Every structure is written in C-alpha cells, then in structure tokens.
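Following: one structure in structure tokens, then a few remarks.
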Number of protein chains: 2
Amino acid sequence: MVEDVVRSYGYLTLGTRMKRIGERLQADTQKIIEESGAPVQASQYTFLAAVDRSGPLTIGELSEAVGITQPGVTRTVAQLVAGGLLQTAQVSGDQRRRIVSLTPRGEQLVATAKAEIWPRVRGAVADLCAGLDGPLLDQLAAIEDGLAAAPLDRRAAKREGKP
Amino acid sequence: MVEDVVRSYGYLTLGTRMKRIGERLQADTQKIIEESGAPVQASQYTFLAAVDRSGPLTIGELSEAVGITQPGVTRTVAQLVAGGLLQTAQVSGDQRRRIVSLTPRGEQLVATAKAEIWPRVRGAVADLCAGLDGPLLDQLAAIEDGLAAAPLDRRAAKREGKP
DNA sequence: ACAATAAATATAACACGTTATATAAGTGGT
DNA sequence: ACCACTTATATAACGTGTTATATTTATTGT
C-alpha cells in the first residue's frame, strides 16, 4: 500500500483534494441520475436548476448563477438546447444578449428531478455528512473514508430500503 | 446580482461546489508557482512530491499515491519525462512495469519547491482556513468568501510583507 | 454623427480528469 | 508446453472546466 500524498500533505494540496472529492461526488451522483434514466449529466442539472429557480436568465447571468465562466456556460447551454431542454431567445432592444429558458420538456425534467432525483441525492449526501464537525481536513478525511465505505448511490438505496 | 445556485442548494450540489473551490484554489496556487518561475503545473507537483516522498514508484503505485486513475498518471508522467523532471526505467524480471523516478533536475526542482514555494502555498491556505470550524457547508462558504476577499497569492504576499 | 470604447456572446486551444478498450507480459492449471 | 486468465501500461474518446481572443452590438464623448 502506497501513501496517499494528497491526503498527507494537508493544506498544501487542499485544492487538489477538494477537486478530487468533488469529482468523486459528481461521479456517484451521476450513477443515481442514471438509475432514474434521466438524459442529463450531473453538472448540467445545475444549469436547469438555476433557470428553474431564478426564471429566464441571460448567458452572463447564468454564468454568475452557476459560478463558471461564460465560455463554459455558452457551451453547456448549446448542449442543453440541442437536447431540447433549454431554449434561447433574443432580448428586444439589445441584440447582444440571449435569454435562456426551460422548454416544456425541460420544465418536466426539472419537475421529475425535484420530486424523485434531487431528494435522493440530497439524502445520500446528508447521510455521508451526518455528524461531521471540527477541522476542515478532518471532515474531508471523513468524507473520503465514508465514500470508500459506501458510495452515494449505495447510501441512496439503503435509505429507501429502510427509512 | 443573481443568486449563486450551487451555494444555495446545499448538500444537493456539494460535489459541484467542492470541485469549483478546488479549481479555484489550484488556479491561485498556480499564480504563486508562476511568481517563482517554476515550469510546472500545480497538479504536476503532486506527482513530483509523491516520488520524492516515497522514492521510485511504478505507474500503478503512483496512481494510488496521487489518487488519480492510471491513464491520467501515464499521461502526466509522459509530460514530466518530456520536461526532464522525471525518468522511467524497466523493472528487471517484469517487462510490464515501469519505475518512475526523479531526474537530477527534478530533484533540484523539488528541493527548491520545498524551500521556497510549498511553504508559501501552505501558509496562504492556512491563512485562508484559519479559525475554520463547525458545519462543512459553513466552512465552504467561509472559504469562498475568503477567496473572494483575498486570493491565495495575495495572502502569500501579505504574510511575507509583515510576518 | 461618428470614432473610440465597452459589453455580451462565440470560438479556439488547452488542462486534466474520466471510462472503455487495446496491447504486451507474466502466471497457473492441465 | 500451452491455453486461459490476470496484470501493467498505453491509447482513444470524451466531459467539463479554464484562458485568450474574435465578433457583434451598444454606448459615449466630442
């Protein structure tokens, strides 16, 4: 067994470590989403959720809302438009802006996600993080250990098996 | 001002959020590295640190040590070999394995990093995380706010200005 | 009114992780 | 000895973020 350098180095490698945990969580979340058969990537839900929550937004506003840079938003929006979940329209009076909104299919997908998928994800993460407290690095270690012991999708299944 | 959806959604978007914070930390770290003129990406330091810490490792062991998948390791090692910082050798008795070790230049780069760069990064992150405690989501919010107020490279500079 | 500047979005090139699969080398049972 | 299986690394295709820059449309100062 080789030592986990990222874990051993503490604050020095905090960025790498948080990114790594985030990717792991997203991958696990993706499995939960796939069990439900929704044709969406975990990261794309963030976009749908933003428009659902705040109403139609321009590309720039959406960029602020989801916290990624504008080129990233432009691309993901294009994918979701191609998938029939989002649509864009021009703003009257400013030809530069485009307003992004949910299509009927997008609305429906969000409604289903709200009812069925998001609660499972939230529950699984809450299960993972239950009782966490104290120094950040300790909590991160607990999350890593927790994920190794039982990934999110297993936690979601378990919670529904015996509520 | 638009609402930050990832932050508002709590546990549901924890993966996205941790990934985002990790990327931000790495980007800030990269700035500190560049001030020192080292020809290395932040994420590549992890590889050098692993070999430095554990001695020569196979690709597979390195994959465990840095916590990323084997294809990712193969690629990054190839880049560092091309950059003259790592070298690989065959294991006698098993032609499949390759052993990765530091070149003299790699050794020197690690020595410099240990003396000059890593302490600055560690100090800046420690400054950012000073006094953090309590629930995970609160700590993440504090980190986000802290980074917005003063990125890591500014914290590193400040600490050296008035110790 | 128009030239210069600013703002919004698009495009290109890259970084760095993933999964799936190919290739080559060892191992074990008959 | 050899066939089947396993193990170690390489390669390919993709996801999703970034920065830098181009393009198009507004805005502003003279």
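Here, A, B, ... name the chains of the structure tokens in the order displayed, residue numbers run from 1 inside each chain, and ligands are numbered from 1 in the same displayed order.
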List as CSV every residue of chain D that is in contact with chain A, defined as an atom at most 9 Å from one of its atoms (using only C-alpha atoms (C1' of nucleotides)), together with the nearest atom pair and the distance in Å rounded to one decimal, sorted by chain and then rising number.
residue,atom,partner,partner_atom,distance
D:DT16,C1',A:Gly72,CA,7.8
D:DG17,C1',A:Gly72,CA,7.1
D:DT18,C1',A:Thr69,CA,8.1
D:DT24,C1',A:Arg96,CA,7.1
D:DT25,C1',A:Arg96,CA,5.5
D:DA26,C1',A:Asp94,CA,7.4
Kindly determine which residues of chain A lie within 9 Å of chain B, considering only C-alpha atoms, and give the answer as a ChimeraX atom specification. /A:1-7,10-27,29,42-43,46-47,49-50,53-54,61-62,64-68,118-126,129,131-136,139-140
Set the distance at 10 Å and use only C-alpha atoms (C1' of nucleotides): which residues neighbour DT11 (chain D) once local chain neighbours fewer than 6 positions away are removed? I'd like the list as a PyMOL selection string. (chain B and resi 71) or (chain C and resi 21-23)
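Across the model, the gap from CA of Pro39 (chain A) to CA of Leu86 (chain A) is 13.3 Å.
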Expected answer as a ChimeraX atom specification: chain C residues within 10 Å of chain A, only C-alpha atoms (C1' of nucleotides): /C:7-11,17-18
Would you put the residues from that selection into a file with C-alpha atoms (C1' of nucleotides), as a compact mmCIF listing (two decimals), in the first residue's frame?
# COMPACT_ATOMS: atom_id res chain seq x y z
C1' DA C 7 -20.17 44.84 -23.16
C1' DA C 8 -22.16 40.27 -24.45
C1' DT C 9 -21.51 36.15 -26.62
C1' DA C 10 -18.85 32.83 -29.57
C1' DT C 11 -14.87 30.31 -30.84
C1' DG C 17 -9.78 14.31 -15.10
C1' DT C 18 -12.70 10.18 -16.56
Residues flagged helix (DSSP H, G or I) by DSSP in chain B, as an mmCIF file with C-alpha atoms, in the first residue's frame:
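Written output follows (states.cif):
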data_model
loop_
_atom_site.group_PDB
_atom_site.id
_atom_site.type_symbol
_atom_site.label_atom_id
_atom_site.label_comp_id
_atom_site.auth_asym_id
_atom_site.auth_seq_id
_atom_site.Cartn_x
_atom_site.Cartn_y
_atom_site.Cartn_z
ATOM 1 C CA VAL B 5 -27.353 28.310 -7.151
ATOM 2 C CA VAL B 6 -24.581 25.939 -6.225
ATOM 3 C CA ARG B 7 -24.240 27.604 -2.892
ATOM 4 C CA SER B 8 -27.953 27.847 -2.243
ATOM 5 C CA GLY B 10 -26.586 22.913 -0.020
ATOM 6 C CA TYR B 11 -25.903 19.201 0.029
ATOM 7 C CA LEU B 12 -27.521 18.636 -3.367
ATOM 8 C CA THR B 13 -24.706 20.413 -5.171
ATOM 9 C CA LEU B 14 -21.879 19.621 -2.773
ATOM 10 C CA GLY B 15 -19.841 17.809 -5.432
ATOM 11 C CA THR B 16 -20.027 20.657 -7.907
ATOM 12 C CA ARG B 17 -19.189 23.109 -5.191
ATOM 13 C CA MET B 18 -16.149 21.266 -3.872
ATOM 14 C CA LYS B 19 -14.856 20.800 -7.394
ATOM 15 C CA ARG B 20 -15.309 24.504 -8.034
ATOM 16 C CA ILE B 21 -13.485 25.514 -4.864
ATOM 17 C CA GLY B 22 -10.708 23.053 -5.640
ATOM 18 C CA GLU B 23 -10.250 24.502 -9.094
ATOM 19 C CA ARG B 24 -10.147 27.976 -7.678
ATOM 20 C CA LEU B 25 -7.511 27.001 -5.119
ATOM 21 C CA GLN B 26 -5.421 25.320 -7.787
ATOM 22 C CA ALA B 27 -5.628 28.347 -10.044
ATOM 23 C CA ASP B 28 -4.499 30.615 -7.213
ATOM 24 C CA THR B 29 -1.712 28.202 -6.342
ATOM 25 C CA GLN B 30 -0.627 28.276 -9.955
ATOM 26 C CA LYS B 31 -0.143 32.032 -9.663
ATOM 27 C CA ILE B 32 2.140 31.593 -6.677
ATOM 28 C CA ILE B 33 4.117 28.980 -8.589
ATOM 29 C CA GLU B 34 4.455 31.249 -11.592
ATOM 30 C CA GLU B 35 5.804 34.076 -9.477
ATOM 31 C CA ALA B 42 0.198 22.869 -9.777
ATOM 32 C CA SER B 43 -1.248 19.416 -10.332
ATOM 33 C CA GLN B 44 2.079 18.087 -11.568
ATOM 34 C CA TYR B 45 3.765 18.947 -8.292
ATOM 35 C CA THR B 46 1.695 16.220 -6.716
ATOM 36 C CA PHE B 47 3.500 13.688 -8.860
ATOM 37 C CA LEU B 48 6.921 15.038 -8.036
ATOM 38 C CA ALA B 49 6.024 15.169 -4.358
ATOM 39 C CA ALA B 50 4.860 11.557 -4.408
ATOM 40 C CA VAL B 51 8.085 10.281 -5.931
ATOM 41 C CA ASP B 52 10.099 12.488 -3.638
ATOM 42 C CA ARG B 53 8.306 11.214 -0.599
ATOM 43 C CA SER B 54 8.068 7.511 -1.370
ATOM 44 C CA ILE B 59 2.953 3.827 -12.670
ATOM 45 C CA GLY B 60 0.391 1.843 -10.726
ATOM 46 C CA GLU B 61 1.807 2.781 -7.348
ATOM 47 C CA LEU B 62 1.994 6.398 -8.391
ATOM 48 C CA SER B 63 -1.647 6.189 -9.396
ATOM 49 C CA GLU B 64 -2.513 5.095 -5.863
ATOM 50 C CA ALA B 65 -0.264 7.676 -4.310
ATOM 51 C CA VAL B 66 -1.740 10.657 -6.136
ATOM 52 C CA GLN B 70 -3.799 5.077 -14.265
ATOM 53 C CA PRO B 71 -4.355 6.657 -17.696
ATOM 54 C CA GLY B 72 -4.125 10.080 -16.126
ATOM 55 C CA VAL B 73 -0.872 9.131 -14.477
ATOM 56 C CA THR B 74 0.551 7.719 -17.686
ATOM 57 C CA ARG B 75 -0.116 10.968 -19.476
ATOM 58 C CA THR B 76 1.191 13.316 -16.816
ATOM 59 C CA VAL B 77 4.303 11.205 -16.318
ATOM 60 C CA ALA B 78 4.926 11.404 -20.062
ATOM 61 C CA GLN B 79 4.749 15.196 -19.851
ATOM 62 C CA LEU B 80 7.114 15.359 -16.902
ATOM 63 C CA VAL B 81 9.525 12.995 -18.633
ATOM 64 C CA ALA B 82 9.403 15.232 -21.692
ATOM 65 C CA PRO B 104 18.625 15.415 -11.144
ATOM 66 C CA ARG B 105 16.703 18.421 -12.430
ATOM 67 C CA GLY B 106 13.571 17.006 -10.879
ATOM 68 C CA GLU B 107 15.351 16.555 -7.554
ATOM 69 C CA GLN B 108 16.537 20.104 -7.687
ATOM 70 C CA LEU B 109 13.126 21.452 -8.567
ATOM 71 C CA VAL B 110 11.601 19.611 -5.620
ATOM 72 C CA ALA B 111 14.304 20.939 -3.327
ATOM 73 C CA THR B 112 13.587 24.482 -4.419
ATOM 74 C CA ALA B 113 9.861 23.966 -4.121
ATOM 75 C CA LYS B 114 10.246 22.569 -0.622
ATOM 76 C CA ALA B 115 12.307 25.519 0.440
ATOM 77 C CA GLU B 116 10.515 28.341 -1.302
ATOM 78 C CA ILE B 117 7.192 27.528 -2.897
ATOM 79 C CA TRP B 118 5.406 24.934 -0.832
ATOM 80 C CA PRO B 119 5.763 26.835 2.428
ATOM 81 C CA ARG B 120 4.215 29.884 0.794
ATOM 82 C CA VAL B 121 1.284 27.891 -0.541
ATOM 83 C CA ARG B 122 0.781 26.089 2.734
ATOM 84 C CA GLY B 123 0.953 29.346 4.614
ATOM 85 C CA ALA B 124 -1.544 31.044 2.339
ATOM 86 C CA VAL B 125 -4.006 28.174 2.639
ATOM 87 C CA ALA B 126 -3.521 28.064 6.378
ATOM 88 C CA ASP B 127 -4.244 31.786 6.464
ATOM 89 C CA LEU B 128 -7.395 31.205 4.447
ATOM 90 C CA CYS B 129 -8.547 28.391 6.714
ATOM 91 C CA LEU B 136 -18.969 21.697 6.460
ATOM 92 C CA LEU B 137 -21.227 23.950 4.409
ATOM 93 C CA ASP B 138 -20.427 26.906 6.640
ATOM 94 C CA GLN B 139 -16.719 26.278 6.268
ATOM 95 C CA LEU B 140 -17.064 26.083 2.499
ATOM 96 C CA ALA B 141 -18.940 29.367 2.459
ATOM 97 C CA ALA B 142 -16.204 30.934 4.564
ATOM 98 C CA ILE B 143 -13.562 29.672 2.141
ATOM 99 C CA GLU B 144 -15.449 31.059 -0.846
ATOM 100 C CA ASP B 145 -15.856 34.397 0.863
ATOM 101 C CA GLY B 146 -12.241 34.377 1.945
ATOM 102 C CA LEU B 147 -11.008 33.703 -1.567
ATOM 103 C CA ALA B 148 -13.221 36.442 -2.963
ATOM 104 C CA ALA B 149 -11.851 38.859 -0.398
ATOM 105 C CA LEU B 152 -4.157 32.904 -2.165
ATOM 106 C CA ASP B 153 -1.380 34.728 -3.960
ATOM 107 C CA ARG B 154 -2.283 37.950 -2.194
ATOM 108 C CA ARG B 155 -2.319 36.142 1.136
ATOM 109 C CA ALA B 156 1.111 34.701 0.415
ATOM 110 C CA ALA B 157 2.473 38.143 -0.404
ATOM 111 C CA LYS B 158 0.908 39.722 2.653
ATOM 112 C CA ARG B 159 2.325 37.136 5.009
ATOM 113 C CA GLU B 160 5.818 37.802 3.755
ATOM 114 C CA GLY B 161 5.389 41.554 3.815
#
Return as JSON, numbers by chain the full set of residues in chain B whose backbone-based DSSP assignment is strand (DSSP E). {"B": [57, 58, 86, 87, 88, 89, 90, 91, 94, 95, 96, 97, 98, 99, 100, 101, 102]}
Using CA of Val91 (chain B) and C1' of DC16 (chain C) as the two end points, give the distance in Å to one decimal.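 Value for the CA of Val91 (chain B)-C1' of DC16 (chain C) distance: 28.1 Å.
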Shell around DA12 (chain C) at 12 Å using only C-alpha atoms (C1' of nucleotides), local window under 5 positions removed, as a list in words: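 So the residues in contact are Pro71 of chain A; DT19, DA20, DT21 and DA22 of chain D.
Here CA of Leu85 (chain A) stands at a distance of 15.1 Å from CA of Gly37 (chain A).
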Excluding same-chain residues fewer than 4 positions from DC3 (chain D), what lies within 12 Å of it counting only C-alpha atoms (C1' of nucleotides), as a list in words?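 Contacts, in chain order: DT27, DG28, DG29 and DT30 of chain C.
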Dump of C-alpha atoms (C1' of nucleotides) for the selected residues, as a CSV table (one decimal), in the first residue's frame:
chain,number,residue,atom,x,y,z
C,27,DT,C1',1.1,-16.9,-14.2
C,28,DG,C1',-1.1,-21.2,-13.4
C,29,DG,C1',-3.6,-25.5,-14.4
C,30,DT,C1',-3.8,-29.4,-17.3
Determine, counting only C-alpha atoms (C1' of nucleotides), which protein, DNA and RNA residues have an atom within 12 Å of an atom of DA1 (chain C); residues of the same chain fewer than 2 positions away are not included. Present the result as a list in words.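 Those residues are DA3 of chain C; DG29 and DT30 of chain D.
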Selected residues written out with C-alpha atoms (C1' of nucleotides), as a compact mmCIF listing (two decimals), in the first residue's frame:
# COMPACT_ATOMS: atom_id res chain seq x y z
C1' DA C 3 -14.91 57.20 -33.90
C1' DG D 29 -17.54 61.79 -25.83
C1' DT D 30 -16.51 65.28 -28.98
